[in-house]
$ cat start-v3.tsv   # TSV, C-alpha atoms
chain	number	residue	atom	x	y	z
A	1	GLU	CA	143.33	-216.40	121.10
A	2	ALA	CA	140.58	-216.98	123.65
A	3	GLN	CA	141.61	-215.34	126.89
A	4	VAL	CA	140.87	-213.25	129.93
A	5	THR	CA	143.08	-210.20	130.31
A	6	GLN	CA	143.70	-208.09	133.38
A	7	ASN	CA	145.45	-204.78	133.75
A	8	PRO	CA	147.62	-203.81	135.41
A	9	ARG	CA	149.49	-206.98	136.34
A	10	TYR	CA	151.30	-205.27	139.19
A	11	LEU	CA	150.29	-202.18	141.14
A	12	ILE	CA	151.69	-200.43	144.19
A	13	THR	CA	149.56	-197.64	145.56
A	14	VAL	CA	148.89	-195.72	148.76
A	15	THR	CA	145.99	-195.81	151.16
A	16	GLY	CA	142.93	-193.95	149.93
A	17	LYS	CA	143.92	-193.46	146.31
A	18	LYS	CA	141.12	-194.78	144.10
A	19	LEU	CA	142.10	-197.43	141.60
A	20	THR	CA	140.52	-199.66	138.96
A	21	VAL	CA	141.66	-203.07	137.78
A	22	THR	CA	140.29	-203.88	134.36
A	23	CYS	CA	139.17	-207.30	133.19
A	24	SER	CA	138.17	-208.24	129.67
A	25	GLN	CA	137.25	-211.52	127.99
A	26	ASN	CA	136.91	-212.28	124.29
A	27	MET	CA	134.92	-215.52	124.56
A	28	ASN	CA	131.41	-214.01	124.73
A	29	HIS	CA	130.96	-215.50	128.18
A	30	GLU	CA	127.88	-214.68	130.23
A	31	TYR	CA	129.47	-215.09	133.63
A	32	MET	CA	132.37	-213.11	135.10
A	33	SER	CA	133.81	-213.01	138.59
A	34	TRP	CA	136.51	-211.46	140.77
A	35	TYR	CA	138.55	-213.26	143.42
A	36	ARG	CA	141.28	-212.38	145.83
A	37	GLN	CA	143.91	-214.90	146.85
A	38	ASP	CA	145.63	-214.75	150.23
A	39	PRO	CA	148.01	-217.29	151.78
A	40	GLY	CA	146.19	-220.01	153.68
A	41	LEU	CA	142.79	-218.81	152.55
A	42	GLY	CA	142.67	-219.90	148.94
A	43	LEU	CA	140.63	-217.80	146.55
A	44	ARG	CA	137.66	-215.90	147.88
A	45	GLN	CA	134.95	-214.55	145.63
A	46	ILE	CA	134.47	-210.77	145.77
A	47	TYR	CA	131.72	-210.15	143.21
A	48	TYR	CA	130.24	-211.99	140.28
A	49	SER	CA	128.02	-211.16	137.34
A	50	MET	CA	125.73	-213.52	135.48
A	51	ASN	CA	125.00	-211.06	132.68
A	52	VAL	CA	125.20	-207.42	131.68
A	53	GLU	CA	123.87	-205.10	134.40
A	54	VAL	CA	123.51	-208.04	136.81
A	55	THR	CA	126.01	-208.27	139.66
A	56	ASP	CA	125.98	-210.05	143.00
A	57	LYS	CA	128.14	-210.04	146.11
A	58	GLY	CA	130.45	-212.91	146.77
A	59	ASP	CA	131.95	-213.77	150.14
A	60	VAL	CA	134.18	-210.70	150.62
A	61	PRO	CA	132.61	-207.68	148.84
A	62	GLU	CA	133.42	-205.00	151.44
A	63	GLY	CA	135.60	-202.23	150.07
A	64	TYR	CA	135.06	-203.17	146.42
A	65	LYS	CA	132.75	-202.12	143.61
A	66	VAL	CA	132.12	-203.61	140.20
A	67	SER	CA	130.14	-202.77	137.10
A	68	ARG	CA	129.04	-204.77	134.06
A	69	LYS	CA	128.04	-202.32	131.38
A	70	GLU	CA	129.31	-204.50	128.56
A	71	LYS	CA	129.40	-208.25	128.27
A	72	ARG	CA	133.16	-208.43	127.76
A	73	ASN	CA	134.30	-206.09	130.57
A	74	PHE	CA	134.07	-206.39	134.33
A	75	PRO	CA	136.25	-203.81	136.13
A	76	LEU	CA	137.02	-203.99	139.84
A	77	ILE	CA	137.05	-200.64	141.64
A	78	LEU	CA	138.65	-199.85	144.97
A	79	GLU	CA	137.30	-196.44	145.95
A	80	SER	CA	139.55	-196.04	149.00
A	81	PRO	CA	142.11	-198.84	149.16
A	82	SER	CA	143.47	-199.94	152.51
A	83	PRO	CA	146.50	-202.12	153.39
A	84	ASN	CA	144.25	-205.12	154.12
A	85	GLN	CA	143.35	-205.15	150.43
A	86	THR	CA	146.91	-206.03	149.53
A	87	SER	CA	146.45	-209.30	147.69
A	88	LEU	CA	146.59	-211.20	144.43
A	89	TYR	CA	143.43	-210.61	142.38
A	90	PHE	CA	142.00	-212.87	139.69
A	91	CYS	CA	139.27	-212.23	137.20
A	92	ALA	CA	137.49	-215.20	135.64
A	93	SER	CA	134.78	-215.86	133.07
A	94	SER	CA	132.60	-218.83	132.21
A	95	PRO	CA	130.02	-219.68	129.53
A	96	TYR	CA	127.81	-221.08	132.28
A	97	GLN	CA	124.47	-222.57	131.44
A	98	ILE	CA	122.40	-224.49	133.95
A	99	GLY	CA	122.35	-228.13	133.02
A	100	GLN	CA	125.27	-227.78	130.64
A	101	GLY	CA	127.76	-229.11	133.11
A	102	ASP	CA	130.46	-229.67	130.58
A	103	ARG	CA	130.61	-225.94	129.95
A	104	ASN	CA	130.87	-224.88	133.57
A	105	GLU	CA	134.56	-224.16	133.56
A	106	GLN	CA	135.99	-220.85	134.68
A	107	PHE	CA	138.78	-219.33	132.63
A	108	PHE	CA	141.11	-217.23	134.73
A	109	GLY	CA	143.09	-214.14	133.92
A	110	PRO	CA	146.81	-213.97	134.78
A	111	GLY	CA	146.27	-212.18	138.10
A	112	THR	CA	146.99	-208.68	139.43
A	113	ARG	CA	149.37	-208.26	142.34
A	114	LEU	CA	148.17	-205.24	144.35
A	115	THR	CA	150.12	-203.67	147.21
A	116	VAL	CA	148.53	-200.90	149.26
A	117	LEU	CA	150.98	-198.96	151.43
B	1	ALA	CA	126.89	-220.92	153.25
B	2	GLN	CA	129.04	-223.49	151.56
B	3	THR	CA	132.51	-224.29	152.84
B	4	VAL	CA	135.36	-226.26	151.35
B	5	THR	CA	138.06	-227.87	153.48
B	6	GLN	CA	141.44	-229.20	152.41
B	7	SER	CA	143.06	-230.75	155.47
B	8	GLN	CA	146.52	-231.21	153.97
B	9	PRO	CA	148.37	-227.88	153.67
B	10	GLU	CA	151.41	-229.59	152.15
B	11	MET	CA	152.21	-232.95	150.61
B	12	SER	CA	155.09	-234.52	148.77
B	13	VAL	CA	155.38	-237.55	146.49
B	14	GLN	CA	158.16	-239.27	144.64
B	15	GLU	CA	158.19	-239.01	140.88
B	16	ALA	CA	156.15	-241.81	139.22
B	17	GLU	CA	154.29	-242.57	142.45
B	18	THR	CA	150.60	-241.97	143.19
B	19	VAL	CA	149.27	-239.32	145.55
B	20	THR	CA	145.77	-238.46	146.78
B	21	LEU	CA	144.69	-234.98	147.84
B	22	SER	CA	141.70	-234.69	150.14
B	23	CYS	CA	138.76	-232.32	149.94
B	24	THR	CA	135.53	-232.15	151.89
B	25	TYR	CA	132.73	-229.65	151.52
B	26	ASP	CA	129.58	-228.65	153.27
B	27	THR	CA	126.35	-227.77	151.49
B	28	SER	CA	122.64	-228.30	151.83
B	29	GLU	CA	122.10	-228.30	148.09
B	30	ASN	CA	121.58	-231.36	145.94
B	31	ASN	CA	122.81	-230.05	142.60
B	32	TYR	CA	126.23	-228.49	142.26
B	33	TYR	CA	129.63	-228.84	140.62
B	34	LEU	CA	133.04	-229.64	142.02
B	35	PHE	CA	136.42	-228.78	140.56
B	36	TRP	CA	140.11	-229.21	141.13
B	37	TYR	CA	142.35	-226.39	139.97
B	38	LYS	CA	146.13	-226.37	139.74
B	39	GLN	CA	148.22	-223.27	140.34
B	40	PRO	CA	151.89	-223.67	139.34
B	41	PRO	CA	154.54	-221.11	140.32
B	42	SER	CA	153.46	-218.99	137.34
B	43	ARG	CA	150.25	-218.34	139.37
B	44	GLN	CA	148.03	-219.22	136.43
B	45	MET	CA	144.88	-221.10	137.48
B	46	ILE	CA	144.44	-224.27	135.44
B	47	LEU	CA	141.40	-226.55	135.55
B	48	VAL	CA	142.43	-230.13	136.28
B	49	ILE	CA	139.10	-231.93	136.51
B	50	ARG	CA	135.39	-231.28	137.12
B	51	GLN	CA	132.53	-233.36	138.53
B	52	GLU	CA	128.79	-232.80	138.37
B	53	ALA	CA	127.04	-233.87	141.56
B	54	TYR	CA	124.20	-235.63	139.72
B	55	LYS	CA	126.67	-237.95	138.00
B	56	GLN	CA	127.60	-241.02	140.00
B	57	GLN	CA	130.54	-241.92	137.79
B	58	ASN	CA	133.85	-240.50	138.95
B	59	ALA	CA	135.51	-238.13	136.51
B	60	THR	CA	138.90	-238.96	135.01
B	61	GLU	CA	141.34	-236.94	132.91
B	62	ASN	CA	144.41	-238.91	131.89
B	63	ARG	CA	146.53	-239.33	135.05
B	64	PHE	CA	144.01	-237.45	137.19
B	65	SER	CA	140.92	-239.00	138.71
B	66	VAL	CA	138.53	-238.21	141.53
B	67	ASN	CA	136.77	-240.19	144.20
B	68	PHE	CA	133.42	-238.45	144.61
B	69	GLN	CA	131.43	-239.55	147.64
B	70	LYS	CA	128.28	-237.43	147.62
B	71	ALA	CA	126.82	-238.71	150.88
B	72	ALA	CA	130.08	-238.12	152.69
B	73	LYS	CA	130.60	-234.78	150.87
B	74	SER	CA	134.07	-235.83	149.89
B	75	PHE	CA	135.91	-235.12	146.64
B	76	SER	CA	139.51	-236.37	146.60
B	77	LEU	CA	141.95	-236.07	143.70
B	78	LYS	CA	144.27	-238.90	142.75
B	79	ILE	CA	147.33	-238.19	140.65
B	80	SER	CA	148.93	-241.28	139.14
B	81	ASP	CA	152.46	-241.52	137.78
B	82	SER	CA	153.35	-238.16	139.32
B	83	GLN	CA	155.56	-235.91	137.23
B	84	LEU	CA	157.81	-233.00	138.20
B	85	GLY	CA	155.44	-230.68	136.34
B	86	ASP	CA	152.67	-231.62	138.77
B	87	THR	CA	154.38	-229.56	141.47
B	88	ALA	CA	151.87	-226.82	142.29
B	89	MET	CA	149.16	-225.60	144.63
B	90	TYR	CA	145.95	-227.55	144.18
B	91	PHE	CA	142.60	-226.01	145.01
B	92	CYS	CA	139.34	-227.82	145.45
B	93	ALA	CA	136.30	-225.70	144.52
B	94	PHE	CA	132.53	-225.88	144.80
B	95	MET	CA	129.96	-224.13	142.63
B	96	ASN	CA	126.22	-224.10	143.12
B	97	TYR	CA	123.66	-223.35	140.42
B	98	GLY	CA	123.49	-219.78	141.65
B	99	GLN	CA	127.10	-219.38	140.58
B	100	ASN	CA	128.53	-218.83	144.02
B	101	PHE	CA	132.02	-220.24	143.74
B	102	VAL	CA	133.89	-221.35	146.88
B	103	PHE	CA	137.52	-222.48	147.00
B	104	GLY	CA	139.35	-224.46	149.64
B	105	PRO	CA	142.58	-223.13	151.18
B	106	GLY	CA	144.76	-225.26	148.92
B	107	THR	CA	147.30	-228.08	149.19
B	108	ARG	CA	150.88	-227.46	148.15
B	109	LEU	CA	152.15	-230.55	146.33
B	110	SER	CA	155.83	-231.17	145.72
B	111	VAL	CA	156.91	-233.94	143.36
B	112	LEU	CA	160.41	-235.11	144.26
B	113	PRO	CA	162.90	-236.49	141.74
$ encode --input "start-v3.tsv" --output "structure tokens"
Amino acid sequence: EAQVTQNPRYLITVTGKKLTVTCSQNMNHEYMSWYRQDPGLGLRQIYYSMNVEVTDKGDVPEGYKVSRKEKRNFPLILESPSPNQTSLYFCASSPYQIGQGDRNEQFFGPGTRLTVL
Amino acid sequence: AQTVTQSQPEMSVQEAETVTLSCTYDTSENNYYLFWYKQPPSRQMILVIRQEAYKQQNATENRFSVNFQKAAKSFSLKISDSQLGDTAMYFCAFMNYGQNFVFGPGTRLSVLP
């Protein structure tokens, strides 16, 4: 089944304790992205990657790191989590090709609910 | 930077009626894509409809259609024959060719029996 998976789905942690949220897709997509969702703000893009070893900052990258060593994986790293990073996180992937508009759909993972105490 | 605005935080509609959700955006680019996503209580993000800015024809997907006004930078979603399963948060989203993806704050739609 074509899908984007995230782990863990739920996580409660404490301030300053490093954590990683994994994201994996099995659709051979070029593009992957991370978002956080907060009430009243919609989804905001944290980082995105257009290909292996290529990553770019989104609108809210502070306090986050990412890496894209393999095409299928795009982990999100919080080196020193703080309470303001409590949020719902989504990973997404897309086949994306310029000019191929019909393929520019993002497939979302199920979300990770993170609470930082 | 691009911005997406959804001016209706909450809306309700009677089952079988038609409802229109508003979305406006701001960009200086000429080529881009627009999307509507649905997020039911399960929190899963589901693509409802997409529109390419270079296409003048409005996109339709069964009961869902858009009114794309490029000059006005407006992209509204019309849901016809509303069903209880349409109850969800709806997000308007913008994507430029550089892959920067921007979402609006969302509209919570309730379909009433």
$ residues_near_point --input "start-v3.tsv" --point "(144.5, -197.7, 147.2)" --cutoff "7 Å" --atoms "only C-alpha atoms" --output "list in words"
Thr13, Val14, Thr15, Gly16, Lys17, Lys18, Leu19, Leu78, Ser80, Pro81, Ser82 and Val116 of chain A
$ interface_residues --input "start-v3.tsv" --of "chain A" --to "chain B" --cutoff "6 Å" --atoms "only C-alpha atoms" --output "list of chain:residue names"
A:Gly40, A:Leu41, A:Gly42, A:Leu43, A:Pro110
$ closest_residue --input "start-v3.tsv" --among "B:Gln83, B:Ser76, B:Asn58, B:Phe68" --to "Gln8 in chain B" --atoms "only C-alpha atoms"
B:Ser76
$ residues_near_point --input "start-v3.tsv" --point "(135.1, -215.3, 129.4)" --cutoff "8 Å" --atoms "only C-alpha atoms" --output "mmCIF file with C-alpha atoms, in the coordinates of the input"
data_model
loop_
_atom_site.group_PDB
_atom_site.id
_atom_site.type_symbol
_atom_site.label_atom_id
_atom_site.label_comp_id
_atom_site.auth_asym_id
_atom_site.auth_seq_id
_atom_site.Cartn_x
_atom_site.Cartn_y
_atom_site.Cartn_z
ATOM 1 C CA GLN A 3 141.610 -215.340 126.890
ATOM 2 C CA VAL A 4 140.870 -213.250 129.930
ATOM 3 C CA SER A 24 138.170 -208.240 129.670
ATOM 4 C CA GLN A 25 137.250 -211.520 127.990
ATOM 5 C CA ASN A 26 136.910 -212.280 124.290
ATOM 6 C CA MET A 27 134.920 -215.520 124.560
ATOM 7 C CA ASN A 28 131.410 -214.010 124.730
ATOM 8 C CA HIS A 29 130.960 -215.500 128.180
ATOM 9 C CA GLU A 30 127.880 -214.680 130.230
ATOM 10 C CA TYR A 31 129.470 -215.090 133.630
ATOM 11 C CA MET A 32 132.370 -213.110 135.100
ATOM 12 C CA ARG A 72 133.160 -208.430 127.760
ATOM 13 C CA ALA A 92 137.490 -215.200 135.640
ATOM 14 C CA SER A 93 134.780 -215.860 133.070
ATOM 15 C CA SER A 94 132.600 -218.830 132.210
ATOM 16 C CA PRO A 95 130.020 -219.680 129.530
ATOM 17 C CA GLN A 106 135.990 -220.850 134.680
ATOM 18 C CA PHE A 107 138.780 -219.330 132.630
#
$ atom_distance --input "start-v3.tsv" --atom1 "CA of Phe90 in chain A" --atom2 "CA of Lys71 in chain A"
17.6 Å
$ atom_distance --input "start-v3.tsv" --atom1 "CA of Tyr35 in chain A" --atom2 "CA of Glu1 in chain A"
23.0 Å
$ atom_distance --input "start-v3.tsv" --atom1 "CA of Asp86 in chain B" --atom2 "CA of Tyr89 in chain A"
23.2 Å
$ closest_residue --input "start-v3.tsv" --among "B:Lys38, B:Ser80, B:Ala71, B:Thr5" --to "Ser22 in chain B" --atoms "only C-alpha atoms"
B:Thr5
$ residues_around --input "start-v3.tsv" --residues "Gln6 in chain A" --least-positions-apart "5" --cutoff "9 Å" --atoms "all atoms listed in the file" --output "PyMOL selection string"
chain A and resi 21-24+90-91+109-112
$ closest_residue --input "start-v3.tsv" --among "B:Gln69, B:Ala88, B:Phe94, B:Gln56" --to "Thr3 in chain B" --atoms "only C-alpha atoms"
B:Phe94
$ residues_around --input "start-v3.tsv" --residues "Glu17 in chain B" --least-positions-apart "6" --cutoff "10 Å" --atoms "all atoms listed in the file" --output "PDB file with C-alpha atoms, in the frame of the given file"
ATOM      1  CA  ILE B  79     147.330-238.190 140.650  1.00  0.00           C
ATOM      2  CA  SER B  80     148.930-241.280 139.140  1.00  0.00           C
ATOM      3  CA  ASP B  81     152.460-241.520 137.780  1.00  0.00           C
ATOM      4  CA  SER B  82     153.350-238.160 139.320  1.00  0.00           C
ATOM      5  CA  GLN B  83     155.560-235.910 137.230  1.00  0.00           C
ATOM      6  CA  VAL B 111     156.910-233.940 143.360  1.00  0.00           C
ATOM      7  CA  LEU B 112     160.410-235.110 144.260  1.00  0.00           C
TER       8      LEU B 112
END
$ decode --input "start-v3.tsv" --residues "chain B" --atoms "C-alpha atoms" --output "PDB file, in the first residue's frame"
ATOM      1  CA  ALA B   1       6.302  35.828   1.036  1.00  0.00           C
ATOM      2  CA  GLN B   2       3.025  34.257   0.100  1.00  0.00           C
ATOM      3  CA  THR B   3       0.058  34.371   2.443  1.00  0.00           C
ATOM      4  CA  VAL B   4      -3.258  32.549   2.416  1.00  0.00           C
ATOM      5  CA  THR B   5      -6.344  33.914   4.148  1.00  0.00           C
ATOM      6  CA  GLN B   6      -9.546  32.116   5.047  1.00  0.00           C
ATOM      7  CA  SER B   7     -11.910  34.682   6.522  1.00  0.00           C
ATOM      8  CA  GLN B   8     -14.513  32.227   7.819  1.00  0.00           C
ATOM      9  CA  PRO B   9     -13.266  30.383  10.924  1.00  0.00           C
ATOM     10  CA  GLU B  10     -16.505  28.397  11.171  1.00  0.00           C
ATOM     11  CA  MET B  11     -19.460  27.654   8.936  1.00  0.00           C
ATOM     12  CA  SER B  12     -22.481  25.415   9.015  1.00  0.00           C
ATOM     13  CA  VAL B  13     -24.826  24.105   6.328  1.00  0.00           C
ATOM     14  CA  GLN B  14     -27.883  21.924   6.244  1.00  0.00           C
ATOM     15  CA  GLU B  15     -27.550  18.488   4.730  1.00  0.00           C
ATOM     16  CA  ALA B  16     -28.195  18.508   0.937  1.00  0.00           C
ATOM     17  CA  GLU B  17     -27.642  22.272   0.720  1.00  0.00           C
ATOM     18  CA  THR B  18     -24.759  24.093  -0.971  1.00  0.00           C
ATOM     19  CA  VAL B  19     -22.004  25.955   0.844  1.00  0.00           C
ATOM     20  CA  THR B  20     -19.079  28.074  -0.350  1.00  0.00           C
ATOM     21  CA  LEU B  21     -15.824  28.449   1.557  1.00  0.00           C
ATOM     22  CA  SER B  22     -13.694  31.504   0.833  1.00  0.00           C
ATOM     23  CA  CYS B  23      -9.964  31.733   0.279  1.00  0.00           C
ATOM     24  CA  THR B  24      -7.762  34.588  -0.835  1.00  0.00           C
ATOM     25  CA  TYR B  25      -4.012  34.583  -1.293  1.00  0.00           C
ATOM     26  CA  ASP B  26      -1.238  37.000  -1.942  1.00  0.00           C
ATOM     27  CA  THR B  27       1.649  36.334  -4.300  1.00  0.00           C
ATOM     28  CA  SER B  28       3.729  38.124  -6.882  1.00  0.00           C
ATOM     29  CA  GLU B  29       4.255  34.977  -8.918  1.00  0.00           C
ATOM     30  CA  ASN B  30       2.416  34.091 -12.095  1.00  0.00           C
ATOM     31  CA  ASN B  31       2.706  30.305 -11.997  1.00  0.00           C
ATOM     32  CA  TYR B  32       1.588  28.343  -8.975  1.00  0.00           C
ATOM     33  CA  TYR B  33      -0.871  25.753  -7.720  1.00  0.00           C
ATOM     34  CA  LEU B  34      -3.810  25.994  -5.362  1.00  0.00           C
ATOM     35  CA  PHE B  35      -5.372  23.240  -3.298  1.00  0.00           C
ATOM     36  CA  TRP B  36      -8.193  22.531  -0.911  1.00  0.00           C
ATOM     37  CA  TYR B  37      -7.546  19.920   1.751  1.00  0.00           C
ATOM     38  CA  LYS B  38     -10.052  18.354   4.114  1.00  0.00           C
ATOM     39  CA  GLN B  39      -9.178  17.277   7.644  1.00  0.00           C
ATOM     40  CA  PRO B  40     -11.891  15.183   9.331  1.00  0.00           C
ATOM     41  CA  PRO B  41     -11.808  14.393  13.061  1.00  0.00           C
ATOM     42  CA  SER B  42      -9.386  11.545  12.312  1.00  0.00           C
ATOM     43  CA  ARG B  43      -6.841  14.331  11.538  1.00  0.00           C
ATOM     44  CA  GLN B  44      -5.879  12.751   8.235  1.00  0.00           C
ATOM     45  CA  MET B  45      -5.215  15.344   5.511  1.00  0.00           C
ATOM     46  CA  ILE B  46      -7.182  14.552   2.360  1.00  0.00           C
ATOM     47  CA  LEU B  47      -6.840  16.366  -0.952  1.00  0.00           C
ATOM     48  CA  VAL B  48     -10.216  17.624  -2.151  1.00  0.00           C
ATOM     49  CA  ILE B  49      -9.335  19.525  -5.307  1.00  0.00           C
ATOM     50  CA  ARG B  50      -6.397  21.223  -7.051  1.00  0.00           C
ATOM     51  CA  GLN B  51      -6.084  24.088  -9.549  1.00  0.00           C
ATOM     52  CA  GLU B  52      -3.161  25.131 -11.706  1.00  0.00           C
ATOM     53  CA  ALA B  53      -2.910  28.903 -12.063  1.00  0.00           C
ATOM     54  CA  TYR B  54      -2.239  28.769 -15.805  1.00  0.00           C
ATOM     55  CA  LYS B  55      -5.542  26.986 -16.406  1.00  0.00           C
ATOM     56  CA  GLN B  56      -8.526  29.267 -16.776  1.00  0.00           C
ATOM     57  CA  GLN B  57     -11.069  26.492 -16.410  1.00  0.00           C
ATOM     58  CA  ASN B  58     -12.276  25.942 -12.872  1.00  0.00           C
ATOM     59  CA  ALA B  59     -11.526  22.519 -11.436  1.00  0.00           C
ATOM     60  CA  THR B  60     -14.352  20.184 -10.416  1.00  0.00           C
ATOM     61  CA  GLU B  61     -14.397  16.885  -8.542  1.00  0.00           C
ATOM     62  CA  ASN B  62     -17.871  15.405  -8.219  1.00  0.00           C
ATOM     63  CA  ARG B  63     -19.732  17.575  -5.672  1.00  0.00           C
ATOM     64  CA  PHE B  64     -16.745  19.875  -5.191  1.00  0.00           C
ATOM     65  CA  SER B  65     -15.887  22.774  -7.466  1.00  0.00           C
ATOM     66  CA  VAL B  66     -13.824  25.923  -7.262  1.00  0.00           C
ATOM     67  CA  ASN B  67     -14.230  29.484  -8.418  1.00  0.00           C
ATOM     68  CA  PHE B  68     -10.710  30.583  -9.337  1.00  0.00           C
ATOM     69  CA  GLN B  69     -10.324  34.303  -9.948  1.00  0.00           C
ATOM     70  CA  LYS B  70      -6.638  34.839 -10.702  1.00  0.00           C
ATOM     71  CA  ALA B  71      -6.747  38.624 -10.965  1.00  0.00           C
ATOM     72  CA  ALA B  72      -8.573  38.895  -7.668  1.00  0.00           C
ATOM     73  CA  LYS B  73      -6.363  36.169  -6.107  1.00  0.00           C
ATOM     74  CA  SER B  74      -9.425  34.339  -4.940  1.00  0.00           C
ATOM     75  CA  PHE B  75      -9.995  30.581  -4.767  1.00  0.00           C
ATOM     76  CA  SER B  76     -13.328  29.596  -3.220  1.00  0.00           C
ATOM     77  CA  LEU B  77     -14.613  26.044  -2.755  1.00  0.00           C
ATOM     78  CA  LYS B  78     -18.222  25.138  -3.407  1.00  0.00           C
ATOM     79  CA  ILE B  79     -19.666  21.968  -1.931  1.00  0.00           C
ATOM     80  CA  SER B  80     -22.959  20.899  -3.464  1.00  0.00           C
ATOM     81  CA  ASP B  81     -25.442  18.474  -1.933  1.00  0.00           C
ATOM     82  CA  SER B  82     -23.611  18.611   1.401  1.00  0.00           C
ATOM     83  CA  GLN B  83     -23.335  15.335   3.266  1.00  0.00           C
ATOM     84  CA  LEU B  84     -22.724  14.594   6.949  1.00  0.00           C
ATOM     85  CA  GLY B  85     -19.340  13.153   5.993  1.00  0.00           C
ATOM     86  CA  ASP B  86     -18.282  16.569   4.716  1.00  0.00           C
ATOM     87  CA  THR B  87     -18.018  17.791   8.305  1.00  0.00           C
ATOM     88  CA  ALA B  88     -14.337  18.679   8.723  1.00  0.00           C
ATOM     89  CA  MET B  89     -11.724  21.408   8.761  1.00  0.00           C
ATOM     90  CA  TYR B  90     -10.997  22.696   5.280  1.00  0.00           C
ATOM     91  CA  PHE B  91      -7.647  24.224   4.416  1.00  0.00           C
ATOM     92  CA  CYS B  92      -6.827  26.290   1.389  1.00  0.00           C
ATOM     93  CA  ALA B  93      -3.182  25.971   0.297  1.00  0.00           C
ATOM     94  CA  PHE B  94      -0.802  27.622  -2.141  1.00  0.00           C
ATOM     95  CA  MET B  95       2.309  26.139  -3.714  1.00  0.00           C
ATOM     96  CA  ASN B  96       4.817  27.917  -5.908  1.00  0.00           C
ATOM     97  CA  TYR B  97       7.201  26.221  -8.323  1.00  0.00           C
ATOM     98  CA  GLY B  98       9.911  26.397  -5.707  1.00  0.00           C
ATOM     99  CA  GLN B  99       7.834  24.034  -3.594  1.00  0.00           C
ATOM    100  CA  ASN B 100       7.136  26.440  -0.777  1.00  0.00           C
ATOM    101  CA  PHE B 101       3.767  25.313   0.502  1.00  0.00           C
ATOM    102  CA  VAL B 102       1.564  27.749   2.455  1.00  0.00           C
ATOM    103  CA  PHE B 103      -1.718  26.856   4.173  1.00  0.00           C
ATOM    104  CA  GLY B 104      -4.516  29.097   5.344  1.00  0.00           C
ATOM    105  CA  PRO B 105      -5.756  28.940   8.950  1.00  0.00           C
ATOM    106  CA  GLY B 106      -8.702  26.727   8.037  1.00  0.00           C
ATOM    107  CA  THR B 107     -12.498  26.824   8.087  1.00  0.00           C
ATOM    108  CA  ARG B 108     -14.401  24.440  10.326  1.00  0.00           C
ATOM    109  CA  LEU B 109     -17.456  23.207   8.438  1.00  0.00           C
ATOM    110  CA  SER B 110     -20.354  21.509  10.176  1.00  0.00           C
ATOM    111  CA  VAL B 111     -23.035  19.772   8.120  1.00  0.00           C
ATOM    112  CA  LEU B 112     -26.283  19.634  10.080  1.00  0.00           C
ATOM    113  CA  PRO B 113     -28.873  16.872   9.715  1.00  0.00           C
TER     114      PRO B 113
END
